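K.L.:
Can you read through this structure? Questions will come right after.
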There are 2 protein chains.
Amino acid sequence: MQSGTGRATACSIARALAVVGERWTLSIVREVFAGAHRFDDFRKRLGIARNILSARLRTLVEHGVLERRAYQQAPPRFEYHLTPMGNDLYPVLVSLMGWGDRWLAGEAGVPLTLTHRPCGHAAQPELTCGHCGDALRHEDVRARLRLGAGSPMKNPDRARHGRGLRSDS
Amino acid sequence: MQSGTGRATACSIARALAVVGERWTLSIVREVFAGAHRFDDFRKRLGIARNILSARLRTLVEHGVLERRAYQQAPPRFEYHLTPMGNDLYPVLVSLMGWGDRWLAGEAGVPLTLTHRPCGHAAQPELTCGHCGDALRHEDVRARLRLGAGSPMKNPDRARHGRGLRSDS
DNA sequence: AGTATCGGTTTCGAAATGAAACTAATGGAT
DNA sequence: ATCCATTAGTTTCATTTCGAAACCGATACT
């Protein structure tokens with residue numbers, strides 16, 4: 001079973017999407033964060049078809065995002081848990097949730113509120129620069145290709161000047 | 001053309017994925033951030049089929065993520081630009097890129113380096129609590145359903161205790 | 001007149017998805 | 001002992017989506 005296009009890409013976003021970009025994948029991971037661990041948990045919460053769920057769980061395990069763990073022997077039954085790799089998807093999910101909150105919230109408002117326990121306040125999740133701590137905005141960021149990074153590009157157009165996610169030569 | 005399952009969901013992540021969760025959608029948005037604006041830009045950079053690209057651009061415009069803007073009259077030609085809603089996807093893309101960098105980088109290493117111009121340093125993008133500024137980690141966050149938020153749930157199982165993305169009652 | 005560019009649409013075979021039925025191992029109730 | 005329920009799938013088959021290639025329409029270039 002292959003994910004995405006199967007092509008090697010120089011872009012980490014494309015590579016990430018090859019692993020978690022399929023129809024149900026991020027929703028499944030979301031449910032694991034939310035406490036779902038068993039086949040039927042996912043099925044009931046998401047309304048996903050059994051065969052598709054089965055396939056997605058398998059690829060998530062293959063890719064190392066989830067771990068399949070037996071919780072009883074007779075009959076053999078399994079739970080799915082986040083690996084460190086899977087746990088590290090938290091910022092992606094939170095960012096996505098924030099975006100959905102800001103732009104797609106229904107009349108009833110934001111369904112989920114996050115409380116940051118160490119400081120005790122409602123967390124407005126924010127993407128910041130790890131160095132100065134300020135918010136990381138597209139306009140303030142210059143992206144450049146690492147020299148000799150990735151596979152040789154098919155489209156030389158790709159290496160151009162700019163900012164944000166655009167790659168400077 | 002419908003996106004996702006079409007079901008109303010209480011989860012902002014699911015709603016976000018209904019808009020940007022299809023196979024090519026985030027890759028297209030990524031390319032807009034990277035400086036691609038025209039049909040053939042996307043096609044050449046992504047290697048996506050014309051009909052699919054056409055459909056994705058249409059739904060992105062319909063959902064308000066991209067704006068279709070004529071750049072000449074004869075013959076009529078169009079460019080696609082980020083709306084504020086689209087621009088606000090930046091943290092999602094950066095988070096995804098970070099994850100891809102950390103877990104899927106090839107031998108050649110991380111292809112793209114981000115420089116935060118205000119502080120002049122390489123940005124390690126980080127998700128933080130907007131209140132205290134500390135890193136926002138799953139273990140430190142308690143999620144709770146807003147009272148009366150969202151549509152009535154089909155699965156009462158969904159309202160349970162826990163932390164992270166799990167919804168406390 | 002012929003070719004190239006740009007932004008698509010149409011057509012059609014291939015692949016992915018989804019609903020439903022079925023399997024397999026076990027426990028509990030009658 | 002038989003029947004039903006639970007859990008975690010697999011199999012089958014119809015529907016939907018995707019993708020490659022051909023085509024279209026307006027314009028410019030040679």
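Each chain of the structure tokens is named A, B, ... in the order shown, its residues numbered from 1; ligands are numbered from 1 in display order.
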Would you write out, as a tab-separated table, a table of all residues in chain A that have an atom no more than 8 Å from an atom of chain D, listing for each the closest atom pair and the distance in Å to one decimal, considering only C-alpha atoms (C1' of nucleotides) and ordering rows by chain and rising residue number?
P.N.:
residue	atom	partner	partner_atom	distance
A:Phe39	CA	D:DA8	C1'	6.7
A:Asp40	CA	D:DT7	C1'	7.6
A:Arg50	CA	D:DG9	C1'	7.9
A:Asn51	CA	D:DT10	C1'	7.7
A:Ser54	CA	D:DG9	C1'	7.4
A:Arg77	CA	D:DA8	C1'	7.0
K.L.:
Would you save the residues of that selection, restricted to C-alpha atoms, as a tab-separated table (two decimals), in the first residue's frame?
P.N.:
chain	number	residue	atom	x	y	z
A	39	PHE	CA	-11.20	-0.27	16.56
A	40	ASP	CA	-14.78	0.25	17.58
A	50	ARG	CA	-14.54	-0.86	8.70
A	51	ASN	CA	-12.32	-1.76	5.79
A	54	SER	CA	-8.56	-1.12	9.05
A	77	ARG	CA	-7.37	-7.82	20.92
K.L.:
Return the neighbours of chain C among the residues of chain A, cut-off 12 Å, counting only C-alpha atoms (C1' of nucleotides), as a list in words.
P.N.:
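Close to chain C, chain A has Met1, Gln2, Ser3, Gly4, Glu22, Arg23, Trp24, Gly47, Ile48, Ala49, Arg50, Asn51, Ile52, Leu53, Ala55, Gln72, Gln73, Ala74, Pro75, Pro76 and Arg77 of chain A.
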K.L.:
Name the residues of chain A that fall into strand (DSSP E or B) according to DSSP on the backbone, using the chain letters and numbers of this document, as a PyMOL selection string.
P.N.:
chain A and resi 66-72+77-82+112-116+121-122+125-129+135+141-145+167-168
K.L.:
Print the selection's residues with N, CA, C and O atoms to a file, as a tab-separated table (two decimals), in the first residue's frame.
P.N.:
chain	number	residue	atom	x	y	z
A	66	LEU	N	1.27	5.42	14.90
A	66	LEU	CA	0.58	4.69	15.96
A	66	LEU	C	1.32	3.40	16.26
A	66	LEU	O	2.05	2.87	15.43
A	67	GLU	N	1.05	2.89	17.47
A	67	GLU	CA	1.61	1.61	17.88
A	67	GLU	C	0.45	0.68	18.18
A	67	GLU	O	-0.53	1.08	18.82
A	68	ARG	N	0.54	-0.55	17.72
A	68	ARG	CA	-0.51	-1.54	17.93
A	68	ARG	C	-0.09	-2.42	19.10
A	68	ARG	O	0.97	-3.05	19.07
A	69	ARG	N	-0.95	-2.43	20.10
A	69	ARG	CA	-0.56	-3.01	21.39
A	69	ARG	C	-1.66	-3.97	21.85
A	69	ARG	O	-2.82	-3.58	21.95
A	70	ALA	N	-1.29	-5.21	22.14
A	70	ALA	CA	-2.30	-6.17	22.60
A	70	ALA	C	-2.75	-5.83	24.00
A	70	ALA	O	-1.93	-5.54	24.87
A	71	TYR	N	-4.02	-5.83	24.24
A	71	TYR	CA	-4.50	-5.58	25.61
A	71	TYR	C	-5.16	-6.82	26.21
A	71	TYR	O	-5.57	-6.83	27.36
A	72	GLN	N	-5.27	-7.88	25.43
A	72	GLN	CA	-5.68	-9.18	25.96
A	72	GLN	C	-5.26	-10.27	24.99
A	72	GLN	O	-5.01	-10.02	23.82
A	77	ARG	N	-6.75	-9.13	21.16
A	77	ARG	CA	-7.37	-7.82	20.92
A	77	ARG	C	-6.30	-6.74	21.04
A	77	ARG	O	-5.37	-6.86	21.85
A	78	PHE	N	-6.49	-5.67	20.26
A	78	PHE	CA	-5.43	-4.66	20.18
A	78	PHE	C	-5.94	-3.25	20.39
A	78	PHE	O	-7.08	-2.93	20.08
A	79	GLU	N	-5.05	-2.44	20.92
A	79	GLU	CA	-5.30	-1.01	21.06
A	79	GLU	C	-4.27	-0.25	20.24
A	79	GLU	O	-3.17	-0.73	20.02
A	80	TYR	N	-4.64	0.94	19.86
A	80	TYR	CA	-3.72	1.78	19.10
A	80	TYR	C	-3.34	2.99	19.94
A	80	TYR	O	-4.22	3.67	20.48
A	81	HIS	N	-2.05	3.22	20.07
A	81	HIS	CA	-1.56	4.33	20.86
A	81	HIS	C	-0.58	5.18	20.07
A	81	HIS	O	0.05	4.69	19.13
A	82	LEU	N	-0.45	6.42	20.47
A	82	LEU	CA	0.47	7.33	19.80
A	82	LEU	C	1.91	6.97	20.12
A	82	LEU	O	2.27	6.73	21.28
A	112	LEU	N	-14.63	23.35	21.47
A	112	LEU	CA	-13.64	22.86	22.42
A	112	LEU	C	-12.80	24.00	22.97
A	112	LEU	O	-12.29	24.83	22.22
A	113	THR	N	-12.66	24.05	24.26
A	113	THR	CA	-11.82	25.07	24.89
A	113	THR	C	-10.61	24.40	25.51
A	113	THR	O	-10.74	23.40	26.22
A	114	LEU	N	-9.43	24.93	25.24
A	114	LEU	CA	-8.20	24.35	25.78
A	114	LEU	C	-7.73	25.16	26.98
A	114	LEU	O	-7.59	26.38	26.90
A	115	THR	N	-7.47	24.47	28.07
A	115	THR	CA	-6.92	25.14	29.24
A	115	THR	C	-5.48	24.70	29.44
A	115	THR	O	-5.19	23.49	29.48
A	116	HIS	N	-4.60	25.65	29.54
A	116	HIS	CA	-3.18	25.36	29.76
A	116	HIS	C	-2.95	25.26	31.27
A	116	HIS	O	-2.90	26.28	31.96
A	121	HIS	N	-4.71	29.23	32.43
A	121	HIS	CA	-5.57	30.05	31.58
A	121	HIS	C	-5.99	29.33	30.30
A	121	HIS	O	-5.36	28.37	29.88
A	122	ALA	N	-7.05	29.85	29.71
A	122	ALA	CA	-7.46	29.36	28.40
A	122	ALA	C	-6.32	29.64	27.42
A	122	ALA	O	-5.81	30.76	27.35
A	125	PRO	N	-3.69	29.07	21.31
A	125	PRO	CA	-2.47	28.49	20.73
A	125	PRO	C	-1.89	29.44	19.69
A	125	PRO	O	-2.62	30.02	18.90
A	126	GLU	N	-0.61	29.57	19.71
A	126	GLU	CA	0.05	30.54	18.85
A	126	GLU	C	1.34	29.93	18.33
A	126	GLU	O	2.04	29.26	19.07
A	127	LEU	N	1.64	30.19	17.07
A	127	LEU	CA	2.90	29.72	16.51
A	127	LEU	C	3.95	30.80	16.69
A	127	LEU	O	3.78	31.92	16.22
A	128	THR	N	5.03	30.45	17.35
A	128	THR	CA	6.03	31.48	17.64
A	128	THR	C	7.41	31.06	17.15
A	128	THR	O	7.66	29.89	16.85
A	129	CYS	N	8.27	32.05	17.08
A	129	CYS	CA	9.68	31.81	16.75
A	129	CYS	C	10.37	31.30	18.01
A	129	CYS	O	10.34	31.97	19.04
A	135	ALA	N	5.37	35.99	17.67
A	135	ALA	CA	4.54	35.24	16.73
A	135	ALA	C	5.26	35.10	15.39
A	135	ALA	O	5.94	36.02	14.93
A	141	VAL	N	8.88	35.91	7.62
A	141	VAL	CA	9.74	34.74	7.49
A	141	VAL	C	10.33	34.65	6.08
A	141	VAL	O	9.63	34.86	5.09
A	142	ARG	N	11.60	34.39	6.03
A	142	ARG	CA	12.21	34.09	4.74
A	142	ARG	C	12.61	32.62	4.73
A	142	ARG	O	13.29	32.14	5.64
A	143	ALA	N	12.18	31.93	3.69
A	143	ALA	CA	12.51	30.51	3.57
A	143	ALA	C	13.59	30.34	2.52
A	143	ALA	O	13.56	30.96	1.47
A	144	ARG	N	14.55	29.53	2.82
A	144	ARG	CA	15.59	29.24	1.82
A	144	ARG	C	15.87	27.76	1.78
A	144	ARG	O	15.86	27.07	2.79
A	145	LEU	N	16.14	27.31	0.56
A	145	LEU	CA	16.50	25.91	0.38
A	145	LEU	C	17.87	25.68	0.98
A	145	LEU	O	18.78	26.48	0.78
A	167	SER	N	11.08	29.43	-1.53
A	167	SER	CA	12.48	29.05	-1.33
A	167	SER	C	13.42	30.03	-2.01
A	167	SER	O	13.36	30.20	-3.22
A	168	ASP	N	14.27	30.67	-1.24
A	168	ASP	CA	15.33	31.47	-1.85
A	168	ASP	C	16.44	30.57	-2.33
A	168	ASP	O	16.70	29.53	-1.75
K.L.:
Take CA of Met85 in chain A and CA of Val65 in chain A and report the distance between them in Å, one decimal.
P.N.:
5.4 Å
K.L.:
Could you give me, as a VMD selection string, each residue of chain B that DSSP assigns to alpha helix (DSSP H) when run on this structure's backbone?
P.N.:
chain B and resid 12 to 20 25 to 33 39 to 46 50 to 63 84 to 87 90 to 104
